[in-house]
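Each remark here refers to the structure printed beneath this line.
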Amino acid sequence: MATTEGTLVASYSRGMRVISECGGAKTTVVKHSMQRAPVFLFDNALEARDFGHWLREHLDSIRGVVKVSSGVARLTDIEQYPVANMLYTRFCYTTGDAAGQNMTGKATLYACEWIRANHPLKPRYLLSGNMDTDKKHSMMNMIQTRGKRVIAEFVLKRDVAKELLRIETEWLYRFRQIASIGTMQAGAAYGGAHSANGITAMFIATGQDVANVAESHAGLNYGELLDNGDFYWAVTLPSVICATYGGGTALPTQRECLEMMDCYGKGKADKLAEIIAAVVLAGDVSLSCAILALEWVSSHERMGRNR
């Protein structure tokens, strides 16, 4: 983890210890999708509607064009959102172990040029109508996924919570309810304690595009108080954009960090996303419980770099 905040590494380490003492976390990547979102322009809404039908009928041909333009990107779907005399679209791809923004841009350009050449109206288009929300958080990506949708979960044992975190799980459950209301009032993109801290530190250390934290930090935090007093805790991150191949991952230090986790190269991107989600979960465990145990300020006073 690459960070200038002294307390952060200690806090995440504590959360990781707690999770380990409880048997570890389970992590699951449940969806892959990277988008480029061109908008097509017409004289009227009827032309835009009919063009949408044409796109659906020629989806397989467009997939073939994409496959020729890229050895990795694969077109899975073209979402359609008609507005006035325009058709906003989202071309959805899988991109292997690359983050995929550049390759999907190239693939979509090839596809749009093929569409313009083959459709009777030769429609004008903009390669991005800004619905891909590149480097920006959006509720669309919370629902539809951009990058990888990944879930990390574990069961916090009641005795471990008392011993290592100095809190009661019943109070933790009530805190999660209170914090959820605060999140709703603020309109925050993440429902837990602080996903961006862990994601940013991981991104810098592993050669990711750090601007993707804007999208990747959004997510949902969920908890259940179990009958035996243990606490089920899960973090869902709908838009983790990370890579184990290409870009900054080949820089010497960043590659070394990836290799330490067995996350460098092809076939490793899901594993990296799972580790990132588990790190976020660990950070939420530690910070949430520090707030409950009234240790939040004192820990910064002891461990902050200004000391």
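Here, A, B, ... name the chains of the structure tokens in the order displayed, residue numbers run from 1 inside each chain, and ligands are numbered from 1 in the same displayed order.
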
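Residues in contact with A:Cys92 at 8 Å, where only C-alpha atoms are counted and same-chain residues fewer than 5 positions away are skipped, are listed as Ser33, Met34, Gln35, Arg36, Leu75, Thr76, Asp77, Ile78 and Glu79 of chain A.
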
Mind checking DSSP for stretch 157-266 of chain A and telling me the strand (DSSP E or B) residues as a list in words?
Tyr190, Gly219, Leu220, Asn221, Tyr222, Gly223, Glu224, Leu225, Phe231, Tyr232, Trp233, Ala234, Val235, Thr236, Leu237, Pro238, Ser239 and Val240 of chain A

If you run DSSP over the backbone, which residues in stretch 236-286 of chain A end up helix (DSSP H, G or I)? Put them as a VMD selection string.
chain A and resid 247 to 250 252 to 260 269 to 286

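Residues in contact range of A:Ile291, defined as at most 10 Å between only C-alpha atoms, with sequence neighbours fewer than 5 positions away removed, read Ile167, Phe175, Ala193, Ser286, Trp296 and Val297 of chain A.
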
Go ahead and compute the interatomic distance for atom CA of A:His194 and atom CA of A:Ile19, in Å to one decimal.
17.0 Å

Would you mind listing what lies within 8 Å of A:Gly105 as a list in words, with only C-alpha atoms counted and same-chain residues fewer than 4 positions away left out?
Arg36, Gln101, Leu109 and Leu127 of chain A

Could you write out the selected residues, including N, CA and C atoms, as a short mmCIF file (atom, residue, chain, number, x, y, z; two decimals), in the first residue's frame?
```cif
data_model
loop_
_atom_site.label_atom_id
_atom_site.label_comp_id
_atom_site.auth_asym_id
_atom_site.auth_seq_id
_atom_site.Cartn_x
_atom_site.Cartn_y
_atom_site.Cartn_z
N ARG A 36 -17.75 2.07 -23.65
CA ARG A 36 -17.57 3.31 -24.38
C ARG A 36 -18.96 3.67 -24.88
N GLN A 101 -10.00 0.86 -20.98
CA GLN A 101 -10.58 2.10 -21.53
C GLN A 101 -10.05 2.41 -22.92
N LEU A 109 -14.59 2.90 -31.96
CA LEU A 109 -14.36 3.71 -33.16
C LEU A 109 -14.48 2.85 -34.42
N LEU A 127 -18.00 9.86 -30.46
CA LEU A 127 -17.49 8.61 -29.88
C LEU A 127 -17.87 8.47 -28.41
#
```

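The interatomic distance for the pair atom CA of A:Leu287 and atom CA of A:Leu165 works out to 9.9 Å.
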
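Nearest residue to A:Arg174 among A:Trp54, A:Trp114, A:Tyr93, A:Tyr222 is A:Tyr222, counting only C-alpha atoms.
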
Might you pull out every residue within 12 Å of A:Leu46, with only C-alpha atoms counted and same-chain residues fewer than 2 positions away left off, and present them as a short mmCIF file (atom, residue, chain, number, x, y, z; two decimals) with C-alpha atoms, in the first residue's frame?
```cif
data_model
loop_
_atom_site.label_atom_id
_atom_site.label_comp_id
_atom_site.auth_asym_id
_atom_site.auth_seq_id
_atom_site.Cartn_x
_atom_site.Cartn_y
_atom_site.Cartn_z
CA LEU A 41 -27.51 11.91 -34.26
CA PHE A 42 -30.62 11.97 -36.48
CA ASP A 43 -33.19 14.38 -37.86
CA ASN A 44 -36.03 13.05 -35.69
CA ALA A 48 -33.32 7.21 -34.00
CA ARG A 49 -35.80 4.51 -32.97
CA ASP A 50 -35.49 2.63 -36.25
CA PHE A 51 -31.70 2.86 -36.02
CA GLY A 52 -31.93 1.17 -32.62
CA HIS A 53 -33.78 -1.75 -34.22
CA PRO A 82 -33.10 7.38 -26.84
CA VAL A 83 -33.42 11.12 -26.14
CA ALA A 84 -35.10 13.57 -28.57
CA ASN A 85 -33.58 12.95 -32.02
CA MET A 86 -30.53 11.14 -30.62
CA LEU A 87 -29.70 7.61 -29.61
#
```

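For the residues A:Glu47, A:Met202, A:Ala73, A:His137, ranking by smallest atom-to-atom distance to A:Lys122 using only C-alpha atoms places A:Glu47 first.
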
Find the residues around stretch 2-16 of chain A up to 9 Å (only C-alpha atoms counted), leave out those fewer than 3 positions away in its own chain, and share them as a ChimeraX atom specification.
/A:19-21,24,164-165,197-198,200-206,278-287,299-300,302-306

Write the selection just made, keeping N, CA, C and O atoms, as a short mmCIF file (atom, residue, chain, number, x, y, z; two decimals), in the first residue's frame?
```
data_model
loop_
_atom_site.label_atom_id
_atom_site.label_comp_id
_atom_site.auth_asym_id
_atom_site.auth_seq_id
_atom_site.Cartn_x
_atom_site.Cartn_y
_atom_site.Cartn_z
N ILE A 19 -9.98 -10.11 10.38
CA ILE A 19 -10.58 -11.00 9.39
C ILE A 19 -9.90 -12.37 9.42
O ILE A 19 -10.56 -13.41 9.37
N SER A 20 -8.58 -12.38 9.54
CA SER A 20 -7.84 -13.65 9.59
C SER A 20 -8.20 -14.45 10.83
O SER A 20 -8.38 -15.68 10.77
N GLU A 21 -8.34 -13.77 11.96
CA GLU A 21 -8.71 -14.45 13.21
C GLU A 21 -10.10 -15.07 13.12
O GLU A 21 -10.42 -16.02 13.84
N GLY A 24 -10.86 -15.68 7.74
CA GLY A 24 -10.59 -15.12 6.42
C GLY A 24 -11.83 -14.60 5.72
O GLY A 24 -12.96 -14.83 6.15
N LEU A 164 -10.25 -7.90 20.14
CA LEU A 164 -9.36 -7.11 19.29
C LEU A 164 -9.91 -5.73 18.95
O LEU A 164 -9.13 -4.80 18.68
N LEU A 165 -11.21 -5.59 18.91
CA LEU A 165 -11.81 -4.32 18.49
C LEU A 165 -12.47 -3.55 19.64
O LEU A 165 -12.84 -2.39 19.48
N ASN A 197 -9.49 5.22 0.57
CA ASN A 197 -8.16 5.13 1.16
C ASN A 197 -7.43 3.87 0.72
O ASN A 197 -6.30 3.92 0.22
N GLY A 198 -8.07 2.73 0.90
CA GLY A 198 -7.43 1.47 0.55
C GLY A 198 -7.24 1.29 -0.94
O GLY A 198 -6.19 0.81 -1.40
N THR A 200 -6.95 3.64 -3.29
CA THR A 200 -5.91 4.53 -3.80
C THR A 200 -4.53 3.99 -3.46
O THR A 200 -3.62 3.97 -4.31
N ALA A 201 -4.33 3.55 -2.23
CA ALA A 201 -3.03 3.02 -1.81
C ALA A 201 -2.66 1.77 -2.60
O ALA A 201 -1.50 1.57 -2.96
N MET A 202 -3.65 0.94 -2.89
CA MET A 202 -3.40 -0.26 -3.70
C MET A 202 -3.13 0.11 -5.15
O MET A 202 -2.24 -0.46 -5.81
N PHE A 203 -3.87 1.07 -5.68
CA PHE A 203 -3.70 1.48 -7.07
C PHE A 203 -2.30 2.04 -7.32
O PHE A 203 -1.66 1.72 -8.32
N ILE A 204 -1.84 2.90 -6.43
CA ILE A 204 -0.52 3.50 -6.62
C ILE A 204 0.56 2.42 -6.54
O ILE A 204 1.49 2.39 -7.34
N ALA A 205 0.41 1.52 -5.59
CA ALA A 205 1.43 0.48 -5.40
C ALA A 205 1.49 -0.50 -6.55
O ALA A 205 2.54 -1.09 -6.82
N THR A 206 0.39 -0.69 -7.27
CA THR A 206 0.33 -1.73 -8.30
C THR A 206 0.23 -1.18 -9.72
O THR A 206 -0.04 -1.93 -10.66
N ALA A 278 -11.13 -7.11 -0.53
CA ALA A 278 -10.86 -7.58 0.82
C ALA A 278 -10.12 -6.52 1.63
O ALA A 278 -10.35 -6.38 2.84
N VAL A 279 -9.24 -5.76 0.98
CA VAL A 279 -8.54 -4.67 1.65
C VAL A 279 -9.55 -3.59 2.09
O VAL A 279 -9.48 -3.07 3.21
N VAL A 280 -10.48 -3.26 1.21
CA VAL A 280 -11.52 -2.29 1.56
C VAL A 280 -12.32 -2.78 2.77
O VAL A 280 -12.60 -2.01 3.71
N LEU A 281 -12.67 -4.05 2.77
CA LEU A 281 -13.41 -4.63 3.89
C LEU A 281 -12.60 -4.51 5.18
O LEU A 281 -13.14 -4.13 6.23
N ALA A 282 -11.31 -4.80 5.11
CA ALA A 282 -10.46 -4.70 6.30
C ALA A 282 -10.41 -3.27 6.83
O ALA A 282 -10.45 -3.04 8.04
N GLY A 283 -10.31 -2.31 5.93
CA GLY A 283 -10.28 -0.92 6.35
C GLY A 283 -11.57 -0.48 7.00
O GLY A 283 -11.57 0.28 7.99
N ASP A 284 -12.69 -0.96 6.48
CA ASP A 284 -13.98 -0.62 7.08
C ASP A 284 -14.13 -1.23 8.47
O ASP A 284 -14.68 -0.60 9.38
N VAL A 285 -13.66 -2.46 8.62
CA VAL A 285 -13.72 -3.11 9.93
C VAL A 285 -12.97 -2.28 10.96
O VAL A 285 -13.47 -1.97 12.05
N SER A 286 -11.75 -1.91 10.63
CA SER A 286 -10.91 -1.21 11.60
C SER A 286 -11.44 0.19 11.91
O SER A 286 -11.57 0.57 13.09
N LEU A 287 -11.74 0.98 10.89
CA LEU A 287 -12.17 2.35 11.14
C LEU A 287 -13.54 2.41 11.81
O LEU A 287 -13.75 3.17 12.76
N SER A 299 -5.82 7.27 17.98
CA SER A 299 -4.91 6.51 17.11
C SER A 299 -4.18 7.45 16.14
O SER A 299 -2.99 7.26 15.87
N HIS A 300 -4.87 8.45 15.64
CA HIS A 300 -4.20 9.42 14.76
C HIS A 300 -3.18 10.26 15.55
O HIS A 300 -2.12 10.62 15.02
N ARG A 302 -1.40 9.22 18.01
CA ARG A 302 -0.22 8.39 18.27
C ARG A 302 0.58 8.08 17.02
O ARG A 302 1.80 8.02 17.05
N MET A 303 -0.12 7.87 15.90
CA MET A 303 0.54 7.29 14.73
C MET A 303 0.65 8.22 13.53
O MET A 303 1.31 7.89 12.54
N GLY A 304 0.05 9.38 13.59
CA GLY A 304 0.09 10.29 12.44
C GLY A 304 1.52 10.74 12.14
O GLY A 304 2.35 10.88 13.04
N ARG A 305 1.81 10.99 10.87
CA ARG A 305 3.18 11.36 10.49
C ARG A 305 3.62 12.69 11.08
O ARG A 305 4.82 12.94 11.23
N ASN A 306 2.67 13.55 11.40
CA ASN A 306 3.04 14.84 12.01
C ASN A 306 3.56 14.67 13.43
O ASN A 306 4.00 15.62 14.05
#
```

Can you tell me which residues surround stretch 226-237 of chain A at a distance of at most 8 Å, considering only C-alpha atoms, apart from same-chain residues fewer than 2 positions away, and format the answer as a CSV table (one decimal) with N, CA, C and O atoms, in the first residue's frame?
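File written: result24.csv
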```
chain,number,residue,atom,x,y,z
A,148,LYS,N,-15.1,-4.3,-12.8
A,148,LYS,CA,-15.4,-5.6,-12.2
A,148,LYS,C,-16.3,-5.3,-11.0
A,148,LYS,O,-16.0,-4.4,-10.2
A,149,ARG,N,-17.4,-6.1,-10.9
A,149,ARG,CA,-18.3,-6.0,-9.7
A,149,ARG,C,-17.8,-7.1,-8.8
A,149,ARG,O,-17.8,-8.3,-9.1
A,150,VAL,N,-17.3,-6.7,-7.6
A,150,VAL,CA,-16.7,-7.7,-6.7
A,150,VAL,C,-17.2,-7.6,-5.3
A,150,VAL,O,-17.5,-6.4,-4.9
A,151,ILE,N,-17.4,-8.7,-4.7
A,151,ILE,CA,-17.9,-8.7,-3.3
A,151,ILE,C,-16.9,-9.4,-2.4
A,151,ILE,O,-16.4,-10.4,-2.7
A,152,ALA,N,-16.7,-8.8,-1.2
A,152,ALA,CA,-15.9,-9.4,-0.2
A,152,ALA,C,-16.7,-9.5,1.1
A,152,ALA,O,-17.4,-8.6,1.5
A,153,GLU,N,-16.6,-10.6,1.8
A,153,GLU,CA,-17.5,-10.9,2.9
A,153,GLU,C,-16.8,-11.8,4.0
A,153,GLU,O,-15.9,-12.5,3.6
A,154,PHE,N,-17.2,-11.6,5.2
A,154,PHE,CA,-16.7,-12.5,6.3
A,154,PHE,C,-17.7,-12.4,7.4
A,154,PHE,O,-18.6,-11.5,7.5
A,155,VAL,N,-17.5,-13.3,8.4
A,155,VAL,CA,-18.3,-13.3,9.6
A,155,VAL,C,-17.4,-12.9,10.8
A,155,VAL,O,-16.4,-13.6,11.1
A,156,LEU,N,-17.7,-11.7,11.4
A,156,LEU,CA,-16.9,-11.2,12.5
A,156,LEU,C,-17.4,-12.0,13.8
A,156,LEU,O,-18.6,-11.8,14.2
A,157,LYS,N,-16.6,-12.7,14.4
A,157,LYS,CA,-17.0,-13.5,15.6
A,157,LYS,C,-17.1,-12.6,16.8
A,157,LYS,O,-16.3,-11.6,16.9
A,158,ARG,N,-18.1,-12.8,17.6
A,158,ARG,CA,-18.4,-11.9,18.7
A,158,ARG,C,-17.2,-11.8,19.6
A,158,ARG,O,-16.9,-10.7,20.1
A,169,THR,N,-21.0,-6.6,19.1
A,169,THR,CA,-21.5,-6.7,17.8
A,169,THR,C,-22.9,-6.1,17.7
A,169,THR,O,-23.3,-5.6,16.6
A,170,GLU,N,-23.7,-6.1,18.8
A,170,GLU,CA,-25.0,-5.5,18.7
A,170,GLU,C,-24.9,-4.0,18.5
A,170,GLU,O,-25.7,-3.4,17.7
A,173,TYR,N,-24.0,-3.4,14.8
A,173,TYR,CA,-25.2,-3.6,14.0
A,173,TYR,C,-26.0,-2.3,14.0
A,173,TYR,O,-26.4,-1.8,12.9
A,192,GLY,N,-19.9,2.6,3.3
A,192,GLY,CA,-19.1,2.2,4.4
A,192,GLY,C,-18.2,3.3,4.9
A,192,GLY,O,-18.5,4.5,4.8
A,216,SER,N,-14.1,3.6,-8.9
A,216,SER,CA,-13.9,2.3,-8.2
A,216,SER,C,-14.3,2.4,-6.7
A,216,SER,O,-14.6,1.4,-6.1
A,217,HIS,N,-14.3,3.6,-6.1
A,217,HIS,CA,-14.5,3.7,-4.6
A,217,HIS,C,-16.0,3.5,-4.3
A,217,HIS,O,-16.3,3.3,-3.1
A,218,ALA,N,-16.9,3.7,-5.2
A,218,ALA,CA,-18.3,3.6,-4.9
A,218,ALA,C,-18.7,2.2,-4.5
A,218,ALA,O,-18.1,1.2,-5.0
A,219,GLY,N,-19.7,2.1,-3.6
A,219,GLY,CA,-20.1,0.7,-3.2
A,219,GLY,C,-21.1,0.7,-2.1
A,219,GLY,O,-21.5,1.7,-1.6
A,220,LEU,N,-21.4,-0.5,-1.7
A,220,LEU,CA,-22.4,-0.8,-0.7
A,220,LEU,C,-21.8,-1.6,0.5
A,220,LEU,O,-21.0,-2.5,0.2
A,221,ASN,N,-22.2,-1.3,1.6
A,221,ASN,CA,-21.8,-1.9,2.9
A,221,ASN,C,-23.0,-2.5,3.5
A,221,ASN,O,-24.0,-1.9,3.8
A,222,TYR,N,-22.9,-3.8,3.8
A,222,TYR,CA,-24.1,-4.5,4.4
A,222,TYR,C,-23.7,-5.4,5.6
A,222,TYR,O,-22.6,-6.0,5.6
A,223,GLY,N,-24.6,-5.4,6.6
A,223,GLY,CA,-24.3,-6.2,7.8
A,223,GLY,C,-25.5,-6.9,8.3
A,223,GLY,O,-26.6,-6.4,8.2
A,224,GLU,N,-25.3,-8.1,8.9
A,224,GLU,CA,-26.4,-8.8,9.6
A,224,GLU,C,-25.9,-9.3,10.9
A,224,GLU,O,-24.8,-9.9,11.0
A,239,SER,N,-17.7,-1.2,-9.4
A,239,SER,CA,-17.0,-0.6,-10.5
A,239,SER,C,-15.5,-0.6,-10.3
A,239,SER,O,-14.8,0.5,-10.4
A,240,VAL,N,-14.9,-1.7,-9.9
A,240,VAL,CA,-13.4,-1.8,-9.7
A,240,VAL,C,-12.7,-1.9,-11.0
A,240,VAL,O,-12.9,-2.9,-11.7
A,277,ALA,N,-10.9,-5.7,-2.9
A,277,ALA,CA,-12.2,-5.6,-2.2
A,277,ALA,C,-12.0,-6.1,-0.7
A,277,ALA,O,-12.6,-5.5,0.2
A,280,VAL,N,-10.5,-3.3,1.2
A,280,VAL,CA,-11.5,-2.3,1.6
A,280,VAL,C,-12.3,-2.8,2.8
A,280,VAL,O,-12.6,-2.0,3.7
A,281,LEU,N,-12.7,-4.1,2.8
A,281,LEU,CA,-13.4,-4.6,3.9
A,281,LEU,C,-12.6,-4.5,5.2
A,281,LEU,O,-13.1,-4.1,6.2
```

Among listed residues A:Val210, A:Leu55, A:Thr244, A:Gly191, nearest A:His119 (using only C-alpha atoms):
A:Leu55
